[in-house]
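The data block below is model_17.cif; it holds mmCIF, C-alpha atoms.
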```
data_target
loop_
_atom_site.label_atom_id
_atom_site.label_comp_id
_atom_site.auth_asym_id
_atom_site.auth_seq_id
_atom_site.Cartn_x
_atom_site.Cartn_y
_atom_site.Cartn_z
CA MET A 1 79.62 161.35 102.37
CA SER A 2 80.75 158.84 99.75
CA ASN A 3 84.35 159.03 98.61
CA ILE A 4 83.32 157.79 95.13
CA GLN A 5 82.05 159.89 92.25
CA ASP A 6 80.45 158.35 89.16
CA ILE A 7 81.49 159.82 85.81
CA THR A 8 78.98 158.73 83.18
CA ALA A 9 78.91 161.68 80.78
CA THR A 10 80.97 164.53 79.40
CA PRO A 11 82.08 167.13 80.26
CA THR A 12 83.98 165.42 83.05
CA PRO A 13 84.78 167.00 86.41
CA THR A 14 88.34 168.02 87.15
CA PRO A 15 89.87 165.91 89.95
CA GLN A 16 90.41 167.85 93.17
CA SER A 17 93.91 169.33 93.14
CA THR A 18 94.26 168.77 96.88
CA LYS A 19 93.70 165.03 96.56
CA HIS A 20 95.16 162.13 94.65
CA SER A 21 92.76 160.28 92.34
CA VAL A 22 91.94 156.69 91.46
CA LEU A 23 89.88 156.12 88.31
CA LEU A 24 88.13 152.79 87.74
CA PHE A 25 87.14 152.35 84.09
CA TRP A 26 84.19 149.95 83.87
CA ALA A 27 81.48 148.89 81.42
CA SER A 28 77.84 147.98 81.87
CA TRP A 29 78.28 144.68 80.03
CA HIS A 30 81.18 143.66 82.30
CA GLU A 31 79.45 142.16 85.34
CA PRO A 32 82.48 142.12 87.73
CA SER A 33 83.06 145.88 87.37
CA SER A 34 79.37 146.84 87.28
CA GLU A 35 77.66 147.91 90.46
CA GLY A 36 77.62 145.03 92.93
CA GLY A 37 80.27 143.03 91.05
CA HIS A 38 83.38 141.82 92.86
CA VAL A 39 85.61 144.48 91.24
CA ASP A 40 83.14 147.19 92.28
CA THR A 41 83.08 145.73 95.81
CA ILE A 42 86.88 145.86 96.05
CA PHE A 43 86.90 149.44 94.74
CA ARG A 44 84.31 150.57 97.29
CA ALA A 45 86.18 148.85 100.11
CA LEU A 46 89.36 150.71 99.18
CA ALA A 47 87.44 154.00 99.04
CA ASP A 48 85.94 153.38 102.49
CA ASN A 49 89.35 152.67 104.00
CA GLU A 50 90.26 155.33 106.57
CA SER A 51 93.81 155.57 105.22
CA SER A 52 92.45 156.67 101.81
CA GLY A 53 91.15 160.00 103.10
CA ASN A 54 93.45 162.00 100.82
CA VAL A 55 92.39 160.04 97.73
CA GLN A 56 89.27 160.70 95.64
CA PHE A 57 87.81 157.67 93.81
CA TYR A 58 86.02 157.89 90.45
CA ARG A 59 84.04 155.29 88.51
CA VAL A 60 84.28 156.01 84.78
CA GLU A 61 82.01 154.27 82.26
CA ALA A 62 84.64 153.58 79.59
CA GLU A 63 82.41 153.36 76.53
CA VAL A 64 80.39 156.45 77.48
CA VAL A 65 83.10 158.85 78.66
CA THR A 66 85.26 158.13 75.62
CA ASP A 67 87.41 161.24 75.96
CA LEU A 68 88.87 159.93 79.21
CA SER A 69 89.25 156.42 77.77
CA VAL A 70 91.23 157.86 74.85
CA LYS A 71 93.23 160.19 77.09
CA TYR A 72 94.42 157.33 79.29
CA ASN A 73 94.56 154.75 76.46
CA VAL A 74 92.02 152.46 78.09
CA THR A 75 91.33 149.39 75.94
CA ILE A 76 90.26 146.90 78.60
CA VAL A 77 87.92 146.89 81.57
CA PRO A 78 88.48 147.05 84.39
CA THR A 79 91.42 149.46 84.24
CA PHE A 80 92.64 151.39 87.27
CA ILE A 81 94.41 154.74 86.68
CA LEU A 82 96.15 156.33 89.68
CA LEU A 83 96.90 160.06 89.56
CA ASP A 84 98.71 162.37 91.95
CA THR A 85 97.46 165.85 92.83
CA THR A 86 98.98 167.30 89.64
CA GLY A 87 97.11 164.82 87.44
CA THR A 88 100.27 162.84 86.63
CA VAL A 89 99.71 159.11 86.09
CA ILE A 90 101.49 157.30 88.93
CA ASP A 91 100.36 153.78 88.08
CA ARG A 92 97.93 151.86 85.87
CA ILE A 93 96.57 148.37 86.45
CA GLU A 94 94.63 146.44 83.79
CA GLY A 95 92.32 143.73 85.03
CA ALA A 96 91.66 142.77 88.63
CA ASP A 97 93.33 139.38 88.90
CA ASP A 98 96.04 140.66 91.24
CA VAL A 99 94.08 142.16 94.13
CA SER A 100 97.23 142.60 96.18
CA ARG A 101 98.80 144.87 93.56
CA ILE A 102 95.67 147.04 93.41
CA THR A 103 95.55 147.34 97.20
CA GLN A 104 99.25 148.09 97.48
CA ALA A 105 99.13 150.67 94.67
CA VAL A 106 96.27 152.58 96.31
CA THR A 107 98.01 152.41 99.70
CA ALA A 108 101.23 153.77 98.18
CA LEU A 109 99.28 156.57 96.48
CA SER A 110 97.58 157.59 99.73
CA GLN A 111 100.97 157.82 101.44
CA ARG A 112 102.49 160.17 98.83
CA ASN A 113 103.42 163.55 100.32
CA ASN A 114 101.83 162.41 103.56
CA ASN A 115 104.81 161.26 105.60
CA ASN A 116 104.65 163.81 108.42
CA THR A 117 103.33 162.58 111.76
CA THR A 118 100.26 164.48 112.94
CA ALA A 119 100.98 166.53 116.04
CA PRO A 120 98.83 166.19 119.18
CA THR A 121 95.78 168.43 118.99
CA ALA A 122 95.85 169.34 122.69
CA ALA A 123 98.57 169.73 125.30
CA SER A 124 96.65 167.44 127.64
CA SER A 125 96.83 164.50 125.21
CA SER A 126 99.04 161.89 126.82
CA PRO A 127 101.54 159.87 124.74
CA THR A 128 99.92 156.65 125.96
CA THR A 129 96.45 157.70 124.80
CA THR A 130 97.77 158.84 121.41
CA THR A 131 99.66 155.57 120.91
CA ILE A 132 96.63 153.44 121.75
CA THR A 133 94.40 155.48 119.42
CA ASN A 134 96.87 155.19 116.53
CA GLU A 135 97.28 151.44 117.07
CA THR A 136 93.51 150.99 117.11
CA LYS A 137 93.16 152.87 113.81
CA GLU A 138 95.97 150.83 112.26
CA GLU A 139 94.33 147.59 113.38
CA SER A 140 90.98 148.72 111.99
CA THR A 141 92.57 149.64 108.64
CA LEU A 142 94.43 146.32 108.42
CA GLU A 143 91.31 144.36 109.29
CA LYS A 144 89.40 146.07 106.47
CA GLN A 145 92.23 145.29 104.07
CA LEU A 146 92.27 141.63 105.12
CA LYS A 147 88.50 141.30 104.73
CA THR A 148 88.72 142.87 101.26
CA LEU A 149 91.44 140.44 100.22
CA ILE A 150 89.70 137.39 101.70
CA ASN A 151 86.45 138.19 99.87
CA SER A 152 88.04 139.28 96.58
CA SER A 153 87.52 135.82 95.05
CA GLU A 154 85.15 132.94 95.80
CA VAL A 155 88.19 130.73 96.39
CA MET A 156 91.13 132.73 97.76
CA LEU A 157 94.59 131.32 98.49
CA PHE A 158 97.16 133.10 100.63
CA MET A 159 100.47 131.53 99.66
CA LYS A 160 104.21 132.06 99.40
CA GLY A 161 104.96 133.14 95.84
CA THR A 162 102.55 132.84 92.92
CA PRO A 163 100.80 129.85 91.31
CA THR A 164 103.36 129.83 88.49
CA SER A 165 106.29 130.37 90.87
CA PRO A 166 105.57 128.98 94.37
CA LYS A 167 108.20 129.80 97.01
CA CYS A 168 107.57 126.78 99.26
CA GLY A 169 106.61 123.15 98.79
CA PHE A 170 103.36 123.44 100.75
CA SER A 171 102.17 126.30 98.53
CA ARG A 172 103.15 124.36 95.40
CA GLN A 173 101.23 121.27 96.53
CA THR A 174 98.15 123.35 97.37
CA VAL A 175 98.20 124.98 93.92
CA GLU A 176 98.52 121.54 92.33
CA LEU A 177 95.51 120.21 94.28
CA LEU A 178 93.32 123.17 93.25
CA THR A 179 94.53 123.12 89.65
CA ASN A 180 94.04 119.36 89.27
CA ALA A 181 90.50 119.79 90.58
CA ASN A 182 89.89 122.54 87.94
CA ILE A 183 89.08 125.04 90.69
CA VAL A 184 89.44 128.69 89.74
CA PHE A 185 91.03 130.68 92.57
CA GLY A 186 92.49 134.05 93.40
CA TYR A 187 95.73 134.38 95.30
CA PHE A 188 97.84 136.73 97.39
CA ASP A 189 101.60 136.43 97.78
CA ILE A 190 102.12 136.94 101.52
CA LEU A 191 105.86 137.45 100.91
CA SER A 192 105.00 140.73 99.20
CA ASN A 193 103.44 142.32 102.28
CA GLU A 194 104.76 141.58 105.78
CA GLU A 195 101.87 143.44 107.45
CA VAL A 196 99.29 141.22 105.74
CA ARG A 197 101.43 138.14 106.37
CA GLN A 198 101.53 138.68 110.15
CA GLY A 199 98.09 140.25 110.45
CA LEU A 200 96.27 137.39 108.75
CA LYS A 201 97.76 134.88 111.21
CA THR A 202 96.08 136.77 114.07
CA PHE A 203 92.89 137.52 112.14
CA SER A 204 92.35 133.87 111.17
CA ASP A 205 93.94 132.36 114.28
CA TRP A 206 95.91 130.13 111.90
CA PRO A 207 99.70 130.32 112.37
CA THR A 208 100.97 128.91 109.07
CA TYR A 209 100.73 129.27 105.29
CA PRO A 210 99.23 128.54 102.85
CA GLN A 211 95.71 129.46 103.96
CA LEU A 212 92.64 128.77 101.80
CA TYR A 213 89.34 130.66 102.07
CA VAL A 214 86.06 129.90 100.34
CA ARG A 215 83.45 132.66 100.23
CA GLY A 216 85.25 134.47 103.03
CA GLU A 217 85.46 131.46 105.36
CA LEU A 218 88.77 129.87 106.36
CA ILE A 219 89.10 126.26 105.19
CA GLY A 220 92.65 125.71 106.42
CA GLY A 221 95.99 124.70 104.97
CA LEU A 222 97.46 121.89 102.90
CA ASP A 223 96.75 119.16 105.49
CA ILE A 224 93.05 120.00 105.54
CA LEU A 225 92.85 119.82 101.73
CA LYS A 226 94.67 116.49 101.71
CA ASP A 227 92.23 115.12 104.29
CA MET A 228 89.32 116.23 102.10
CA MET A 229 90.85 114.46 99.11
CA MET A 230 91.31 111.26 101.12
CA GLU A 231 87.71 111.32 102.34
CA ASP A 232 86.01 111.82 98.98
CA GLY A 233 88.48 112.54 96.19
CA ASN A 234 86.31 115.33 94.77
CA LEU A 235 87.83 118.52 96.15
CA ALA A 236 85.48 120.88 94.31
CA GLU A 237 82.46 119.09 95.77
CA GLN A 238 83.99 119.13 99.24
CA LEU A 239 84.58 122.88 99.00
CA ASP A 240 81.10 123.37 97.50
CA VAL A 241 82.41 125.22 94.44
CA THR A 242 81.80 124.66 90.73
CA PRO A 243 84.89 123.40 88.90
CA MET A 244 85.91 125.04 85.64
CA ASP A 245 84.67 123.23 82.54
CA THR A 246 87.51 121.84 80.46
CA THR A 247 87.54 120.01 77.14
CA THR A 248 91.30 119.55 77.11
CA ASP A 249 92.40 115.93 76.86
CA VAL A 250 95.32 116.16 79.28
CA THR A 251 96.26 112.48 78.92
CA ALA A 252 96.67 112.76 75.16
CA GLU A 253 98.96 115.75 75.55
CA ILE A 254 101.33 114.24 78.10
CA ALA A 255 103.37 112.38 75.48
CA LYS A 256 104.14 115.51 73.51
CA GLU A 257 103.53 118.83 75.17
CA PRO A 258 104.53 121.83 72.99
CA THR A 259 106.25 124.84 74.46
CA LEU A 260 104.28 128.04 75.04
CA GLU A 261 106.00 129.70 72.08
CA GLU A 262 105.13 126.75 69.84
CA ARG A 263 101.51 126.95 70.93
CA ILE A 264 101.37 130.69 70.23
CA GLN A 265 102.96 130.29 66.79
CA ALA A 266 100.54 127.51 65.91
CA LEU A 267 97.56 129.66 66.93
CA ILE A 268 98.78 132.76 65.08
CA THR A 269 99.12 130.80 61.82
CA LYS A 270 95.96 128.73 62.35
CA SER A 271 94.09 130.97 59.92
CA ARG A 272 95.20 133.68 57.51
CA ILE A 273 93.13 136.17 59.53
CA MET A 274 93.37 135.33 63.22
CA LEU A 275 91.77 137.28 66.05
CA PHE A 276 92.65 136.86 69.72
CA MET A 277 89.67 138.19 71.66
CA LYS A 278 87.68 137.95 74.88
CA GLY A 279 84.83 135.55 74.29
CA VAL A 280 83.69 134.26 70.90
CA PRO A 281 82.23 136.13 67.90
CA SER A 282 78.69 135.14 68.84
CA ALA A 283 79.19 136.19 72.47
CA PRO A 284 82.05 138.70 72.94
CA LYS A 285 83.00 139.35 76.57
CA CYS A 286 84.13 142.94 76.10
CA GLY A 287 83.02 145.89 73.98
CA PHE A 288 86.37 146.20 72.22
CA SER A 289 86.22 142.58 71.07
CA ARG A 290 82.63 143.06 69.95
CA GLN A 291 83.52 146.11 67.88
CA ILE A 292 86.47 144.47 66.10
CA VAL A 293 84.35 141.40 65.29
CA ASP A 294 81.68 143.66 63.74
CA ILE A 295 84.33 145.34 61.59
CA ILE A 296 85.90 142.07 60.37
CA GLU A 297 82.54 140.48 59.60
CA SER A 298 81.48 143.50 57.56
CA TYR A 299 84.15 142.52 54.99
CA ASP A 300 82.74 138.99 54.54
CA VAL A 301 86.15 137.30 54.79
CA PRO A 302 86.96 133.98 56.48
CA TYR A 303 88.69 134.30 59.84
CA ASP A 304 89.26 132.36 63.02
CA THR A 305 89.38 133.41 66.67
CA PHE A 306 90.86 132.34 69.99
CA ASN A 307 89.16 133.13 73.29
CA ILE A 308 92.03 134.26 75.54
CA LEU A 309 89.76 133.94 78.61
CA THR A 310 89.99 130.15 78.30
CA ASP A 311 93.77 129.96 78.63
CA GLU A 312 95.62 132.25 81.04
CA GLU A 313 99.01 130.99 79.84
CA ILE A 314 98.27 132.03 76.25
CA ARG A 315 96.67 135.27 77.45
CA GLN A 316 99.79 136.39 79.29
CA GLY A 317 102.31 134.75 76.97
CA LEU A 318 100.97 136.38 73.81
CA LYS A 319 101.35 139.83 75.37
CA LYS A 320 105.09 139.22 75.72
CA TYR A 321 105.42 137.41 72.38
CA SER A 322 103.80 140.26 70.45
CA ASP A 323 104.99 143.06 72.75
CA TRP A 324 101.36 144.25 72.71
CA PRO A 325 99.83 144.60 76.19
CA THR A 326 96.10 144.57 75.45
CA TYR A 327 93.33 142.64 73.71
CA PRO A 328 91.90 142.14 71.14
CA GLN A 329 94.89 141.44 68.87
CA LEU A 330 94.51 140.88 65.11
CA TYR A 331 97.00 138.89 63.02
CA VAL A 332 97.09 138.55 59.22
CA ASP A 333 99.46 136.09 57.55
CA GLY A 334 101.10 135.52 60.92
CA ASP A 335 101.93 139.21 61.42
CA LEU A 336 100.50 141.39 64.19
CA ILE A 337 98.29 144.18 62.83
CA GLY A 338 97.28 145.63 66.21
CA GLY A 339 94.18 146.23 68.29
CA LEU A 340 90.85 147.95 67.80
CA ASP A 341 92.29 151.46 67.35
CA ILE A 342 94.66 150.34 64.57
CA VAL A 343 91.91 148.39 62.80
CA LYS A 344 89.58 151.41 62.97
CA GLU A 345 92.28 153.67 61.50
CA MET A 346 92.92 151.22 58.66
CA GLU A 347 89.21 150.95 57.97
CA GLU A 348 88.83 154.73 57.83
CA GLY A 349 91.87 154.99 55.55
CA GLY A 350 90.62 152.28 53.19
CA ASP A 351 93.59 150.00 53.89
CA LEU A 352 91.71 147.22 55.67
CA ASN A 353 89.99 145.90 52.55
CA ASP A 354 93.33 145.55 50.74
CA LEU A 355 94.82 143.80 53.78
CA PHE A 356 91.98 141.30 54.04
CA LYS A 357 91.79 140.63 50.31
CA GLY A 358 95.54 140.07 50.13
CA ALA A 359 96.19 142.93 47.72
#
```

Rendering of file as structure tokens:
Amino acid sequence: MSNIQDITATPTPTPQSTKHSVLLFWASWHEPSSEGGHVDTIFRALADNESSGNVQFYRVEAEVVTDLSVKYNVTIVPTFILLDTTGTVIDRIEGADDVSRITQAVTALSQRNNNNTTAPTAASSSPTTTTITNETKEESTLEKQLKTLINSSEVMLFMKGTPTSPKCGFSRQTVELLTNANIVFGYFDILSNEEVRQGLKTFSDWPTYPQLYVRGELIGGLDILKDMMMEDGNLAEQLDVTPMDTTTDVTAEIAKEPTLEERIQALITKSRIMLFMKGVPSAPKCGFSRQIVDIIESYDVPYDTFNILTDEEIRQGLKKYSDWPTYPQLYVDGDLIGGLDIVKEMEEGGDLNDLFKGA
């Protein structure tokens, strides 16, 4: 029996009080979270994990089951909401960039109020047999977790630290090689989980880090990547992956590279009405961005946009700069107005027209 229930309409079922719950908010237009997408694959792998037996998993179509989206303030897909048996929110994760955090959060949830060791079911059960059985289950659970992590991104790097803050020179050099080749990659900080750190060495039969995987297959470490570069010079071609398109003239920017704050301020004041969104007005990449574009364009006012999916530094930096954790974000005259909910409220109250017209 599947450990996943799909919630696609109201009224919604009440989560089982005897189990914790994990809710994945998804949308049909968002391919990664739709059925068969990589987010959906990760979610199903977590649900199939033997250690998640006391957790019920739900897939919630965010733009259909709007009462739950409003209740949990969901403004981006995918969003993961973790609840304990009382329905209290234990954790929330927006996006699926950090697979390790999602995995660790679900693991921590499954271990809540479940710390007692199960007693032997029969007097004849020997300690040796019980120990071997438990170790086998633990190995099986770890192996599933490792396979999930390895396949969570087409190019997956297991490193010390993060791409923006590497904790060893080999990891830093590997990140630089991938970045310079415009290769998009996922990552896992092996310093954050000792079990994964040691287990992956055995699983891959590779004793050191970093380790790079492409489509689930181990490529190797830094030395292997350097050898590839020496042979051909085109790392993306060697790895058989498509590099990210870029129109940025890096050479022209070397002489004078603005700080992140300067870049954000320049973007915010680029136009009197400035929208930071996912995608572009003609092709929004999320329903919330699409809705706010429709509202703005209904007022026939000039405005400009920035696609935050094209620049991860701006995407994360603007959240801190504005102290606003989600997208889209609308600015007028350099001041933050808010997201879709605020814009809708202003439209309903008749205040949006005055704001746009400068009254």

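You will find atom CA of A:Leu212 at 16.7 Å from atom CA of A:Gln145.
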
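Restricting the calculation to all atoms listed in the file, the smallest distance between A:Ser28 and any of A:Gly287, A:Gly221, A:Asp189, A:Asp48 is found for A:Gly287.
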
Identify all residues satisfying the PyMOL selection byres ((chain A and resi 295) around 10) in the given file; provide them as a PyMOL selection string.
chain A and resi 290-294+296-300+340+343-344+347+352

Now that the selection is made, can you save its residues with C-alpha atoms as a short mmCIF file (atom, residue, chain, number, x, y, z; two decimals), in the coordinates of the input?
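Resulting contents of result-v6.cif:
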```cif
data_model
loop_
_atom_site.label_atom_id
_atom_site.label_comp_id
_atom_site.auth_asym_id
_atom_site.auth_seq_id
_atom_site.Cartn_x
_atom_site.Cartn_y
_atom_site.Cartn_z
CA ARG A 290 82.63 143.06 69.95
CA GLN A 291 83.52 146.11 67.88
CA ILE A 292 86.47 144.47 66.10
CA VAL A 293 84.35 141.40 65.29
CA ASP A 294 81.68 143.66 63.74
CA ILE A 296 85.90 142.07 60.37
CA GLU A 297 82.54 140.48 59.60
CA SER A 298 81.48 143.50 57.56
CA TYR A 299 84.15 142.52 54.99
CA ASP A 300 82.74 138.99 54.54
CA LEU A 340 90.85 147.95 67.80
CA VAL A 343 91.91 148.39 62.80
CA LYS A 344 89.58 151.41 62.97
CA GLU A 347 89.21 150.95 57.97
CA LEU A 352 91.71 147.22 55.67
#
```

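Take the PyMOL selection byres ((chain A and resi 232-247) around 10) and apply it to this file: it picks A:Glu154, A:Val155, A:Leu177, A:Leu178, A:Thr179, A:Asn180, A:Ala181, A:Asn182, A:Ile183, A:Val184, A:Tyr213, A:Val214, A:Arg215, A:Ile219, A:Leu225, A:Lys226, A:Asp227, A:Met228, A:Met229, A:Met230, A:Glu231, A:Thr248, A:Asp249, A:Val250, A:Thr310.
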
I need every residue sitting at most 10 Å from the point (95.5, 141.1, 108.2) (coordinates as in the file, all atoms listed in the file considered), written as a PDB file with C-alpha atoms, in the frame of the given file.
```pdb
ATOM      1  CA  GLU A 139      94.330 147.590 113.380  1.00  0.00           C
ATOM      2  CA  SER A 140      90.980 148.720 111.990  1.00  0.00           C
ATOM      3  CA  THR A 141      92.570 149.640 108.640  1.00  0.00           C
ATOM      4  CA  LEU A 142      94.430 146.320 108.420  1.00  0.00           C
ATOM      5  CA  GLU A 143      91.310 144.360 109.290  1.00  0.00           C
ATOM      6  CA  LYS A 144      89.400 146.070 106.470  1.00  0.00           C
ATOM      7  CA  GLN A 145      92.230 145.290 104.070  1.00  0.00           C
ATOM      8  CA  LEU A 146      92.270 141.630 105.120  1.00  0.00           C
ATOM      9  CA  LYS A 147      88.500 141.300 104.730  1.00  0.00           C
ATOM     10  CA  THR A 148      88.720 142.870 101.260  1.00  0.00           C
ATOM     11  CA  LEU A 149      91.440 140.440 100.220  1.00  0.00           C
ATOM     12  CA  ILE A 150      89.700 137.390 101.700  1.00  0.00           C
ATOM     13  CA  ASN A 193     103.440 142.320 102.280  1.00  0.00           C
ATOM     14  CA  GLU A 194     104.760 141.580 105.780  1.00  0.00           C
ATOM     15  CA  GLU A 195     101.870 143.440 107.450  1.00  0.00           C
ATOM     16  CA  VAL A 196      99.290 141.220 105.740  1.00  0.00           C
ATOM     17  CA  ARG A 197     101.430 138.140 106.370  1.00  0.00           C
ATOM     18  CA  GLN A 198     101.530 138.680 110.150  1.00  0.00           C
ATOM     19  CA  GLY A 199      98.090 140.250 110.450  1.00  0.00           C
ATOM     20  CA  LEU A 200      96.270 137.390 108.750  1.00  0.00           C
ATOM     21  CA  LYS A 201      97.760 134.880 111.210  1.00  0.00           C
ATOM     22  CA  THR A 202      96.080 136.770 114.070  1.00  0.00           C
ATOM     23  CA  PHE A 203      92.890 137.520 112.140  1.00  0.00           C
ATOM     24  CA  SER A 204      92.350 133.870 111.170  1.00  0.00           C
TER      25      SER A 204
END
```

Residue with smallest distance to A:Asn49 - pool A:Ser153, A:Thr103, A:Thr326, A:Thr305, counting all atoms listed in the file:
A:Thr103

Env of stretch 95-99 of chain A: 9 Å cut, atoms = all atoms listed in the file, seq-sep filter 2 positions within chain, self excluded. Answer as a PyMOL selection string.
chain A and resi 39+42+76-80+93+101-104+148-149+152+186-188

Output file for the residues above (C-alpha atoms, as a PDB file, in the frame of the given file):
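Writing done, so here's selection-v2.pdb:
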```pdb
ATOM      1  CA  VAL A  39      85.610 144.480  91.240  1.00  0.00           C
ATOM      2  CA  ILE A  42      86.880 145.860  96.050  1.00  0.00           C
ATOM      3  CA  ILE A  76      90.260 146.900  78.600  1.00  0.00           C
ATOM      4  CA  VAL A  77      87.920 146.890  81.570  1.00  0.00           C
ATOM      5  CA  PRO A  78      88.480 147.050  84.390  1.00  0.00           C
ATOM      6  CA  THR A  79      91.420 149.460  84.240  1.00  0.00           C
ATOM      7  CA  PHE A  80      92.640 151.390  87.270  1.00  0.00           C
ATOM      8  CA  ILE A  93      96.570 148.370  86.450  1.00  0.00           C
ATOM      9  CA  ARG A 101      98.800 144.870  93.560  1.00  0.00           C
ATOM     10  CA  ILE A 102      95.670 147.040  93.410  1.00  0.00           C
ATOM     11  CA  THR A 103      95.550 147.340  97.200  1.00  0.00           C
ATOM     12  CA  GLN A 104      99.250 148.090  97.480  1.00  0.00           C
ATOM     13  CA  THR A 148      88.720 142.870 101.260  1.00  0.00           C
ATOM     14  CA  LEU A 149      91.440 140.440 100.220  1.00  0.00           C
ATOM     15  CA  SER A 152      88.040 139.280  96.580  1.00  0.00           C
ATOM     16  CA  GLY A 186      92.490 134.050  93.400  1.00  0.00           C
ATOM     17  CA  TYR A 187      95.730 134.380  95.300  1.00  0.00           C
ATOM     18  CA  PHE A 188      97.840 136.730  97.390  1.00  0.00           C
TER      19      PHE A 188
END
```

Hey, what comes out of the PyMOL selection byres ((chain A and resi 109) around 12) on this file? Could you write it as number ranges by chain?
A: 19-22, 46, 51-57, 81-85, 88-92, 102-108, 110-115

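Minimum atom-to-atom distances from A:Thr208, A:Thr174, A:Leu330, A:Thr259 to A:Thr162 were compared using all atoms listed in the file, and the lowest value belongs to A:Thr174.
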
Using atom CA of A:Ser171 and atom CA of A:Pro210 as the two end points, give the distance in Å to one decimal.
5.7 Å
